[in-house]
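Engineer: Next comes run_9.cif, mmCIF, C-alpha atoms:
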data_entry
loop_
_atom_site.label_atom_id
_atom_site.label_comp_id
_atom_site.auth_asym_id
_atom_site.auth_seq_id
_atom_site.Cartn_x
_atom_site.Cartn_y
_atom_site.Cartn_z
CA MET J 10 -17.52 2.76 2.56
CA ASP J 11 -14.08 2.41 0.98
CA ASP J 12 -11.12 4.74 1.22
CA GLU J 13 -10.34 4.24 -2.47
CA PRO J 14 -12.65 6.26 -4.77
CA LEU J 15 -12.23 3.84 -7.67
CA ALA J 16 -13.21 0.88 -5.50
CA LEU J 17 -16.32 2.79 -4.43
CA LYS J 18 -17.27 3.64 -8.01
CA ARG J 19 -16.93 0.06 -9.10
CA LEU J 20 -19.16 -1.16 -6.25
CA GLU J 21 -21.78 1.46 -7.06
CA ARG J 22 -21.72 0.38 -10.69
CA LEU J 23 -22.11 -3.30 -9.74
CA LEU J 24 -24.97 -2.45 -7.36
CA GLN J 25 -26.87 -0.70 -10.13
CA ALA J 26 -27.52 -4.13 -11.64
CA THR J 27 -29.81 -4.96 -8.70
CA PRO J 28 -33.02 -2.92 -9.07
CA TRP J 29 -34.23 -3.32 -5.46
CA ILE J 30 -30.96 -1.86 -4.14
CA LYS J 31 -30.69 1.87 -3.68
CA VAL J 32 -27.36 3.42 -2.74
CA ILE J 33 -28.24 6.21 -0.31
CA GLY J 34 -24.73 7.24 0.60
CA SER J 35 -21.07 6.52 0.05
CA ALA J 36 -17.88 7.77 1.65
CA THR J 37 -14.12 7.48 1.28
CA ASP J 38 -13.49 8.91 4.72
CA PRO J 39 -14.47 6.78 7.76
CA ALA J 40 -15.31 9.92 9.79
CA ALA J 41 -17.76 11.08 7.10
CA ALA J 42 -19.29 7.60 7.03
CA LEU J 43 -19.81 7.72 10.80
CA GLN J 44 -21.52 11.07 10.54
CA PHE J 45 -23.81 9.82 7.77
CA LEU J 46 -24.67 6.61 9.64
CA ALA J 47 -25.50 8.58 12.77
CA SER J 48 -28.39 10.30 10.99
CA GLU J 49 -29.46 7.78 8.35
CA GLN J 50 -30.75 4.28 8.84
CA VAL J 51 -29.34 1.84 6.35
CA ASP J 52 -30.39 -1.73 5.59
CA VAL J 53 -26.89 -2.80 4.70
CA LEU J 54 -23.43 -1.31 4.82
CA LEU J 55 -20.76 -2.39 2.34
CA LEU J 56 -17.57 -1.85 4.25
CA ASP J 57 -13.85 -2.02 3.51
CA ILE J 58 -11.67 -3.18 6.39
CA GLN J 59 -8.26 -1.56 6.00
CA MET J 60 -8.68 2.20 5.95
CA PRO J 61 -6.58 5.10 7.22
CA GLY J 62 -7.36 6.43 10.67
CA MET J 63 -9.99 3.84 11.54
CA ASN J 64 -10.49 0.31 10.25
CA GLY J 65 -13.87 -1.21 9.39
CA PHE J 66 -14.26 -2.96 12.75
CA GLU J 67 -13.40 0.20 14.66
CA LEU J 68 -15.98 2.07 12.60
CA LEU J 69 -18.67 -0.49 13.52
CA ALA J 70 -17.66 -0.29 17.19
CA ARG J 71 -18.49 3.42 17.16
CA LEU J 72 -22.02 2.95 15.82
CA SER J 73 -24.87 2.76 18.31
CA ILE J 74 -27.12 0.86 15.89
CA GLN J 75 -25.37 -2.01 14.14
CA PRO J 76 -26.32 -2.25 10.49
CA MET J 77 -26.05 -5.45 8.46
CA VAL J 78 -22.60 -5.51 6.93
CA ILE J 79 -21.11 -6.90 3.74
CA PHE J 80 -17.34 -6.65 4.04
CA THR J 81 -15.26 -5.94 0.97
CA THR J 82 -11.55 -6.37 1.35
CA ALA J 83 -8.42 -7.06 -0.65
CA TYR J 84 -7.20 -9.73 1.71
CA ASP J 85 -8.90 -12.46 3.70
CA GLN J 86 -6.95 -12.17 6.94
CA TYR J 87 -10.01 -10.79 8.73
CA ALA J 88 -12.58 -13.38 7.64
CA LEU J 89 -12.86 -14.94 11.09
CA LYS J 90 -13.18 -11.60 12.84
CA ALA J 91 -15.99 -10.71 10.47
CA PHE J 92 -18.14 -13.39 12.14
CA GLU J 93 -17.99 -11.45 15.38
CA VAL J 94 -20.07 -8.62 13.96
CA ASN J 95 -23.34 -8.40 12.03
CA SER J 96 -21.82 -9.55 8.77
CA ILE J 97 -23.81 -11.15 6.00
CA ASP J 98 -20.90 -11.85 3.71
CA TYR J 99 -17.25 -11.23 3.09
CA LEU J 100 -16.25 -10.30 -0.44
CA LEU J 101 -12.73 -10.22 -1.79
CA LYS J 102 -11.63 -7.43 -4.11
CA PRO J 103 -11.90 -7.17 -7.03
CA VAL J 104 -15.48 -8.09 -6.12
CA ASP J 105 -16.98 -10.74 -8.39
CA PRO J 106 -20.51 -9.63 -9.47
CA GLN J 107 -21.85 -13.14 -8.81
CA GLN J 108 -20.47 -13.11 -5.29
CA LEU J 109 -22.08 -9.73 -4.74
CA ASP J 110 -25.41 -11.17 -5.97
CA ARG J 111 -25.01 -14.03 -3.53
CA ALA J 112 -24.45 -11.56 -0.68
CA LEU J 113 -27.46 -9.46 -1.69
CA LEU J 114 -29.62 -12.57 -1.91
CA LYS J 115 -28.62 -13.47 1.63
CA LEU J 116 -29.59 -9.95 2.68
CA ALA J 117 -32.99 -10.28 0.98
CA ARG J 118 -33.67 -13.64 2.66
CA LEU J 119 -32.61 -12.30 6.02
CA ARG J 120 -34.86 -9.27 5.65
CA ASN J 121 -37.83 -11.42 4.59
CA THR J 122 -37.27 -13.71 7.54
CA THR J 123 -37.02 -10.77 9.90
CA GLN J 124 -40.17 -9.20 8.45
CA ALA J 125 -42.03 -12.50 8.72
CA MET J 126 -40.97 -12.84 12.33
CA GLU J 127 -42.08 -9.31 13.08
CA LEU J 128 -45.46 -9.93 11.44
CA ARG J 129 -45.91 -13.13 13.39
CA ALA J 130 -45.13 -11.33 16.63
CA GLN J 131 -47.70 -8.64 15.75
CA LEU J 132 -50.29 -11.30 14.93
CA GLN J 133 -49.63 -13.07 18.20
CA SER J 134 -50.02 -9.91 20.23
CA LEU J 135 -53.25 -9.11 18.37
CA ALA J 136 -54.53 -12.61 19.06
CA THR J 137 -53.65 -12.24 22.73
CA GLN J 138 -55.48 -8.92 22.86
CA LEU J 139 -58.57 -10.39 21.13
CA ALA J 140 -58.61 -13.37 23.46
CA ALA J 141 -58.54 -11.05 26.45
CA GLN J 142 -61.62 -9.13 25.29
CA MET V 13 33.20 -21.57 9.36
CA PHE V 14 34.44 -17.99 9.57
CA ILE V 15 34.82 -16.07 12.73
CA LEU V 16 34.05 -12.51 11.78
CA THR V 17 34.78 -9.37 13.63
CA ASN V 18 33.04 -6.06 13.21
CA LYS V 19 36.30 -4.57 12.06
CA CYS V 20 35.81 -5.80 8.54
CA ARG V 21 32.20 -4.77 7.97
CA GLY V 22 31.65 -2.43 5.05
CA ALA V 23 34.22 -1.44 2.43
CA CYS V 24 37.37 -2.82 3.88
CA LYS V 25 40.51 -1.41 2.37
CA ARG V 26 42.95 -2.59 4.97
CA PRO V 27 45.96 -4.33 3.48
CA SER V 28 45.55 -6.91 6.19
CA CYS V 29 42.11 -7.81 4.91
CA ASN V 30 42.53 -11.37 3.79
CA TYR V 31 40.69 -13.45 1.29
CA THR V 32 38.25 -14.81 3.80
CA HIS V 33 37.08 -11.35 4.70
CA ARG V 34 36.83 -10.20 1.10
CA ASN V 35 34.99 -13.35 0.25
CA TRP V 36 32.62 -12.80 3.12
CA LYS V 37 32.01 -9.25 1.96
CA ARG V 38 31.20 -10.39 -1.56
CA GLU V 39 28.80 -13.02 -0.26
CA ARG V 40 27.16 -10.48 2.01
CA ALA V 41 26.74 -7.98 -0.84
CA LEU V 42 25.12 -10.71 -2.92
CA LYS V 43 22.83 -11.79 -0.10
CA LEU V 44 21.67 -8.23 0.58
CA ALA V 45 21.09 -7.56 -3.13
CA THR V 46 19.00 -10.73 -3.39
CA GLU V 47 17.04 -9.72 -0.31
CA ALA V 48 16.35 -6.29 -1.82
CA ARG V 49 15.08 -7.84 -5.05
CA LEU V 50 12.93 -10.27 -3.12
CA ALA V 51 11.54 -7.45 -1.00
CA ALA V 52 10.67 -5.48 -4.15
CA LEU V 53 8.90 -8.51 -5.56
CA GLU V 54 7.13 -9.24 -2.30
CA ALA V 55 5.93 -5.66 -2.10
CA ARG V 56 4.38 -6.02 -5.57
CA LEU V 57 2.76 -9.31 -4.62
CA HIS V 58 1.61 -8.00 -1.27
CA PRO V 59 -2.12 -8.72 -1.23
CA HIS V 60 -3.11 -5.15 -0.42
CA PHE V 61 -1.07 -3.69 -3.21
CA LEU V 62 -1.85 -6.36 -5.78
CA PHE V 63 -5.58 -6.87 -5.21
CA ASN V 64 -6.32 -3.19 -4.68
CA THR V 65 -4.45 -2.42 -7.88
CA LEU V 66 -6.42 -5.09 -9.73
CA ASN V 67 -9.58 -3.63 -8.24
CA SER V 68 -8.61 -0.15 -9.48
CA ILE V 69 -8.02 -1.60 -12.93
CA SER V 70 -11.44 -3.33 -12.83
CA ALA V 71 -13.06 -0.01 -12.00
CA LEU V 72 -11.11 1.84 -14.68
CA ILE V 73 -12.05 -0.60 -17.45
CA ALA V 74 -15.53 0.96 -17.45
CA GLU V 75 -14.55 4.45 -16.24
CA ASN V 76 -11.47 5.21 -18.23
CA PRO V 77 -10.24 2.36 -20.47
CA ALA V 78 -7.09 4.23 -21.55
CA LEU V 79 -6.02 4.68 -17.94
CA ALA V 80 -6.88 1.04 -17.20
CA GLU V 81 -4.53 -0.01 -19.99
CA GLN V 82 -1.81 2.28 -18.68
CA MET V 83 -2.20 0.80 -15.19
CA VAL V 84 -1.78 -2.71 -16.56
CA GLN V 85 1.40 -1.59 -18.35
CA ARG V 86 2.75 0.02 -15.20
CA LEU V 87 1.97 -3.01 -13.05
CA ALA V 88 3.67 -5.25 -15.65
CA ALA V 89 6.71 -2.95 -15.68
CA LEU V 90 6.99 -3.06 -11.89
CA LEU V 91 6.73 -6.85 -11.78
CA ARG V 92 9.25 -7.16 -14.63
CA SER V 93 11.81 -4.89 -12.93
CA ALA V 94 11.46 -6.79 -9.69
CA LEU V 95 12.04 -10.06 -11.55
CA ASP V 96 14.75 -8.80 -13.93
CA ALA V 97 17.17 -6.99 -11.73
CA SER V 98 18.65 -10.20 -10.33
CA ALA V 99 21.95 -10.19 -12.17
CA GLN V 100 22.55 -6.46 -12.15
CA SER V 101 24.66 -4.91 -9.46
CA ARG V 102 24.08 -1.40 -10.86
CA VAL V 103 21.26 0.16 -12.87
CA PRO V 104 21.03 3.59 -14.50
CA LEU V 105 19.35 6.17 -12.30
CA LYS V 106 16.60 6.61 -14.90
CA HIS V 107 15.51 2.99 -14.24
CA GLU V 108 15.09 3.75 -10.57
CA ILE V 109 13.13 6.90 -11.42
CA ALA V 110 10.93 5.02 -13.92
CA PHE V 111 10.25 2.32 -11.32
CA ALA V 112 9.27 4.93 -8.74
CA THR V 113 7.07 6.72 -11.29
CA ASP V 114 5.20 3.53 -12.25
CA TYR V 115 4.69 2.72 -8.60
CA LEU V 116 3.55 6.23 -7.64
CA GLU V 117 1.16 6.46 -10.60
CA ILE V 118 -0.49 3.18 -9.58
CA GLU V 119 -0.84 4.40 -6.02
CA ARG V 120 -2.15 7.76 -7.25
CA ALA V 121 -4.91 6.01 -9.19
CA ARG V 122 -5.88 4.29 -5.92
CA PHE V 123 -5.51 7.22 -3.54
CA ARG V 124 -6.43 10.01 -5.98
CA GLU V 125 -5.95 13.46 -4.45
CA ARG V 126 -4.65 11.95 -1.21
CA LEU V 127 -1.32 11.36 -2.97
CA SER V 128 0.63 14.03 -4.78
CA TYR V 129 4.22 13.75 -5.83
CA ALA V 130 6.96 15.53 -7.76
CA ILE V 131 10.23 14.25 -9.21
CA ASP V 132 13.13 16.56 -9.91
CA VAL V 133 16.29 15.05 -11.43
CA GLU V 134 19.17 17.32 -12.32
CA PRO V 135 19.88 17.11 -16.08
CA GLY V 136 22.66 14.74 -17.14
CA LEU V 137 22.14 12.19 -14.36
CA ASP V 138 19.95 9.71 -16.27
CA SER V 139 22.63 7.13 -16.90
CA ILE V 140 24.57 7.48 -13.67
CA ALA V 141 24.86 4.02 -12.10
CA VAL V 142 23.22 3.24 -8.78
CA PRO V 143 22.53 0.00 -6.90
CA PRO V 144 19.09 -1.37 -7.90
CA PHE V 145 16.22 -0.66 -5.47
CA THR V 146 17.95 2.32 -3.91
CA LEU V 147 14.96 4.62 -4.35
CA GLN V 148 12.07 2.15 -4.09
CA PRO V 149 12.18 1.21 -0.39
CA ILE V 150 12.29 4.91 0.54
CA VAL V 151 9.36 5.81 -1.71
CA GLU V 152 7.30 2.84 -0.49
CA ASN V 153 7.94 3.90 3.07
CA SER V 154 6.71 7.41 2.27
CA VAL V 155 3.56 6.13 0.58
CA LYS V 156 2.80 3.91 3.54
CA PHE V 157 3.36 6.39 6.35
CA ALA V 158 2.65 9.75 4.73
CA VAL V 159 -0.27 8.69 2.49
CA ALA V 160 -1.90 5.30 3.10
CA LEU V 161 -2.19 5.56 6.87
CA ARG V 162 -3.37 9.18 6.92
CA PRO V 163 -6.95 10.09 5.96
CA GLY V 164 -5.77 13.43 4.57
CA GLY V 165 -2.98 11.82 2.55
CA GLY V 166 0.39 13.39 1.86
CA GLN V 167 2.95 14.82 -0.51
CA ILE V 168 6.17 13.21 -1.71
CA LYS V 169 9.08 14.95 -3.42
CA ILE V 170 11.92 13.04 -5.02
CA ALA V 171 15.11 14.77 -6.10
CA ALA V 172 18.48 13.65 -7.46
CA ARG V 173 21.48 15.92 -7.90
CA ARG V 174 25.25 16.01 -7.99
CA HIS V 175 26.86 16.63 -4.65
CA THR V 176 30.60 17.26 -4.17
CA ASN V 177 32.04 14.03 -5.52
CA GLY V 178 28.93 11.96 -5.78
CA LEU V 179 25.19 11.67 -6.16
CA LEU V 180 22.53 12.77 -3.73
CA ILE V 181 19.08 11.17 -3.82
CA GLU V 182 16.44 12.76 -1.60
CA VAL V 183 12.90 11.70 -0.77
CA TRP V 184 10.89 14.20 1.22
CA ASP V 185 7.38 13.67 2.54
CA ASN V 186 5.08 15.55 4.87
CA GLY V 187 4.33 12.46 6.95
CA PRO V 188 4.85 11.95 10.67
CA GLY V 189 8.54 11.07 10.25
CA PHE V 190 10.79 8.51 11.90
CA SER V 191 14.33 8.26 13.07
CA VAL V 192 17.04 6.23 11.45
CA GLU V 193 17.74 4.37 14.71
CA LEU V 194 14.18 3.08 14.82
CA ILE V 195 14.25 1.32 11.45
CA PRO V 196 13.42 -2.30 12.36
CA PRO V 197 15.80 -5.06 11.26
CA GLY V 198 14.66 -6.61 8.00
CA HIS V 199 12.83 -3.47 6.89
CA GLY V 200 13.49 -2.26 3.32
CA LEU V 201 15.40 0.74 4.65
CA ASP V 202 17.48 -1.48 6.94
CA ASN V 203 18.43 -3.59 3.94
CA LEU V 204 19.29 -0.45 1.95
CA ARG V 205 21.49 0.85 4.75
CA ALA V 206 23.29 -2.51 5.01
CA ARG V 207 23.74 -2.70 1.22
CA LEU V 208 25.22 0.79 1.07
CA LEU V 209 27.60 -0.10 3.87
CA VAL V 210 28.83 -3.29 2.27
CA LEU V 211 29.11 -1.70 -1.20
CA PHE V 212 30.64 1.65 -0.33
CA GLY V 213 31.54 1.58 3.34
CA ALA V 214 31.65 4.94 5.05
CA GLU V 215 31.63 6.72 1.68
CA ALA V 216 27.88 6.20 1.25
CA LYS V 217 25.30 7.49 3.71
CA LEU V 218 21.62 7.08 4.53
CA ASP V 219 20.24 9.93 6.60
CA VAL V 220 16.82 10.81 7.96
CA THR V 221 16.28 14.45 8.88
CA LEU V 222 13.41 16.76 9.67
CA HIS V 223 13.12 19.24 6.86
CA ASN V 224 10.56 21.78 5.74
CA GLY V 225 7.76 20.50 7.97
CA GLY V 226 8.32 16.91 6.95
CA THR V 227 10.81 14.07 6.79
CA ARG V 228 13.68 13.86 4.35
CA VAL V 229 15.52 10.62 3.62
CA THR V 230 18.83 11.28 1.92
CA VAL V 231 21.09 8.77 0.20
CA TYR V 232 24.57 9.88 -0.67
CA LEU V 233 26.51 7.71 -3.15
CA PRO V 234 30.20 8.29 -3.91
CA ARG V 235 31.19 9.02 -7.49
CA ASN V 236 33.37 5.95 -7.91
CA SER V 237 30.20 3.93 -7.48
CA SER V 238 29.18 5.03 -10.95
CA PRO V 239 30.95 3.05 -13.67
CA LEU V 240 28.11 3.72 -16.12
CA ALA V 241 28.49 7.49 -15.92
#
Take the structure I supplied and represent it as structure tokens, if you would.

Structural biologist:
Amino acid sequence: MDDEPLALKRLERLLQATPWIKVIGSATDPAAALQFLASEQVDVLLLDIQMPGMNGFELLARLSIQPMVIFTTAYDQYALKAFEVNSIDYLLKPVDPQQLDRALLKLARLRNTTQAMELRAQLQSLATQLAAQ
Amino acid sequence: MFILTNKCRGACKRPSCNYTHRNWKRERALKLATEARLAALEARLHPHFLFNTLNSISALIAENPALAEQMVQRLAALLRSALDASAQSRVPLKHEIAFATDYLEIERARFRERLSYAIDVEPGLDSIAVPPFTLQPIVENSVKFAVALRPGGGQIKIAARRHTNGLLIEVWDNGPGFSVELIPPGHGLDNLRARLLVLFGAEAKLDVTLHNGGTRVTVYLPRNSSPLA
């Protein structure tokens, strides 16, 4: 999500370099992004902060399910505030491809950890069930 | 230390105006001109403008290399003008128009269809002399309030024409509008108003009016302000 079409295109181009990433939607209008996110579940949201009508934090505040977020912004005045939400990373524009890789790697690790934790929880509940029988 | 009264603000032509007052006026004109140049430079180095412009250029290098090159040229021209204008007390109108064009083209690459603009200069006015950064603070204000802050964007129309004994520069936009009394101290438009007052006194004017479903900022400059013409 970025209000500048060129910024969005560049991000999409950079993301193409990572085969396990699939861009399922993009928007230049925060209201359109909200609508999309209300019906689609995303693993990660790349989000600009300063946008007309609604800034990135306001957009997140309106979502019932909080996605993982990678912020992309021209200016680092919001870095601290970014810690208050589900942010994985905070990238400064123009986004450096290596920094984007770093952010995506963090996402992958986080997802693996989450999946492992979920699996462990399932195993534990199965074990509890078996022990009860 | 001078004790100054309001009586001598602006273009003082009173015979009683003594050296101290004239001296003060010259110093004030210089200070305001320096502030305007600094503001123009600051606006170019403002992180949102600079880094978003660099980001646009990064995107265009792959998308449209010719446009990327043009953007670099325009950004260089803007930075150069902001750095160069120091010693000049007047610039030809065409410089102001070129500056505004470079700026608006950069913003148009960023905002795409959210920004549309038109410039209409009456023939024969290219070399008429105007104070530097007369047009820029008005145009930047329009881009900020009519375009950048509004999801649907906005339109900007710039016009320059002869008017009775002087020059009329108009910037119209379809943004939410503002009133001249509410311009905060230190704002680019506040500096412009103060510069016009100290350079031309009551002969120059900065007006904000509602016009054609939008806001129109008008600058009127007297003819004798135009030694280049």

Engineer: Give me, as a list of chain:residue names, the residues of chain V touching chain J, with the criterion being at most 9 Å (counting only C-alpha atoms).

Structural biologist: V:Pro59, V:His60, V:Phe61, V:Leu62, V:Phe63, V:Asn64, V:Thr65, V:Leu66, V:Asn67, V:Ser68, V:Ile69, V:Ser70, V:Ala71, V:Leu72, V:Ala74, V:Glu75, V:Ala121, V:Arg122, V:Phe123, V:Arg124, V:Val159, V:Ala160, V:Leu161, V:Arg162, V:Pro163, V:Gly164, V:Gly165

Engineer: Name the residues captured by the PyMOL selection byres ((chain V and resi 189) around 9) when it is applied to the shown file; answer as a list in words.

Structural biologist: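 That expression, the PyMOL selection byres ((chain V and resi 189) around 9), corresponds here to Ser154, Phe157, Ala158, Asp185, Asn186, Gly187, Pro188, Phe190, Ser191, Val220, Thr221, Leu222, Gly226, Thr227 and Arg228 of chain V.
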
Engineer: Let me know the residues the PyMOL selection byres ((chain V and resi 233) around 10) catches in the file above, as number ranges by chain.

Structural biologist: V: 141-143, 174-175, 177-181, 208, 211-212, 215-218, 230-232, 234-238

Engineer: Write the residues you've just listed into a file as a PDB file, in the coordinates of the input, and include C-alpha atoms for each of them.

Structural biologist:
ATOM      1  CA  ALA V 141      24.860   4.020 -12.100  1.00  0.00           C
ATOM      2  CA  VAL V 142      23.220   3.240  -8.780  1.00  0.00           C
ATOM      3  CA  PRO V 143      22.530   0.000  -6.900  1.00  0.00           C
ATOM      4  CA  ARG V 174      25.250  16.010  -7.990  1.00  0.00           C
ATOM      5  CA  HIS V 175      26.860  16.630  -4.650  1.00  0.00           C
ATOM      6  CA  ASN V 177      32.040  14.030  -5.520  1.00  0.00           C
ATOM      7  CA  GLY V 178      28.930  11.960  -5.780  1.00  0.00           C
ATOM      8  CA  LEU V 179      25.190  11.670  -6.160  1.00  0.00           C
ATOM      9  CA  LEU V 180      22.530  12.770  -3.730  1.00  0.00           C
ATOM     10  CA  ILE V 181      19.080  11.170  -3.820  1.00  0.00           C
ATOM     11  CA  LEU V 208      25.220   0.790   1.070  1.00  0.00           C
ATOM     12  CA  LEU V 211      29.110  -1.700  -1.200  1.00  0.00           C
ATOM     13  CA  PHE V 212      30.640   1.650  -0.330  1.00  0.00           C
ATOM     14  CA  GLU V 215      31.630   6.720   1.680  1.00  0.00           C
ATOM     15  CA  ALA V 216      27.880   6.200   1.250  1.00  0.00           C
ATOM     16  CA  LYS V 217      25.300   7.490   3.710  1.00  0.00           C
ATOM     17  CA  LEU V 218      21.620   7.080   4.530  1.00  0.00           C
ATOM     18  CA  THR V 230      18.830  11.280   1.920  1.00  0.00           C
ATOM     19  CA  VAL V 231      21.090   8.770   0.200  1.00  0.00           C
ATOM     20  CA  TYR V 232      24.570   9.880  -0.670  1.00  0.00           C
ATOM     21  CA  PRO V 234      30.200   8.290  -3.910  1.00  0.00           C
ATOM     22  CA  ARG V 235      31.190   9.020  -7.490  1.00  0.00           C
ATOM     23  CA  ASN V 236      33.370   5.950  -7.910  1.00  0.00           C
ATOM     24  CA  SER V 237      30.200   3.930  -7.480  1.00  0.00           C
ATOM     25  CA  SER V 238      29.180   5.030 -10.950  1.00  0.00           C
TER      26      SER V 238
END

Engineer: Here is a test: counting only C-alpha atoms, which residue of J:Asp52, J:Gln44, J:Ser96, J:Ala26 is nearest to Phe66 of chain J?

Structural biologist: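 Of the candidates, the smallest distance to Phe66 of chain J is held by J:Ser96.
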
Engineer: Work out how far atom CA of Trp184 of chain V is from atom CA of His223 of chain V, in Å to one decimal.

Structural biologist: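 Pair atom CA of His223 of chain V / atom CA of Trp184 of chain V returns 7.9 Å.
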
Engineer: So, with only C-alpha atoms as the atoms that count, which of V:Ile73, V:Arg86, V:Lys37, V:Ala206 lies closest to Glu119 of chain V?

Structural biologist: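 Using only C-alpha atoms, Glu119 of chain V sits closest to V:Arg86.
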
Engineer: Identify, on the basis of only C-alpha atoms, every residue whose closest approach to Gly34 of chain J does not exceed 9 Å; exclude the query and any residue fewer than 2 positions from it along the same chain; express the result as a PyMOL selection string.

Structural biologist: chain J and resi 10+32+36+42+45

Engineer: What is the distance between atom CA of Ala171 of chain V and atom CA of Ala52 of chain V, in Å to one decimal?

Structural biologist: 20.8 Å

Engineer: Which residues are close to Leu204 of chain V, i.e. within 9 Å by all atoms listed in the file, leaving aside same-chain residues fewer than 6 positions away? Reply as a PDB file with C-alpha atoms, keeping the file's coordinate frame.

Structural biologist:
ATOM      1  CA  LEU V  44      21.670  -8.230   0.580  1.00  0.00           C
ATOM      2  CA  ALA V  45      21.090  -7.560  -3.130  1.00  0.00           C
ATOM      3  CA  ALA V  48      16.350  -6.290  -1.820  1.00  0.00           C
ATOM      4  CA  PHE V 145      16.220  -0.660  -5.470  1.00  0.00           C
ATOM      5  CA  THR V 146      17.950   2.320  -3.910  1.00  0.00           C
ATOM      6  CA  PRO V 149      12.180   1.210  -0.390  1.00  0.00           C
ATOM      7  CA  ILE V 150      12.290   4.910   0.540  1.00  0.00           C
ATOM      8  CA  LEU V 218      21.620   7.080   4.530  1.00  0.00           C
TER       9      LEU V 218
END

Engineer: Can you tell me, as a ChimeraX atom specification, what residues are no more than 12 Å from Ser73 of chain J when counting only C-alpha atoms, ignoring any on the same chain fewer than 3 positions away?

Structural biologist: /J:43-44,46-48,50,68-70,76

Engineer: Could you work out how far atom CA of Arg126 of chain V lies from atom CA of Val151 of chain V, giving the answer in Å with one decimal?

Structural biologist: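 So the two atoms, atom CA of Val151 of chain V and atom CA of Arg126 of chain V, lie 15.3 Å apart.
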
Engineer: Let me make sure I understand: among V:Glu152, V:Glu193, V:Asp114, V:Glu134, which one has the smallest atom-to-atom distance to Ser93 of chain V if we use only C-alpha atoms?

Structural biologist: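 Answer, going by the shortest atom-to-atom distance: V:Asp114.
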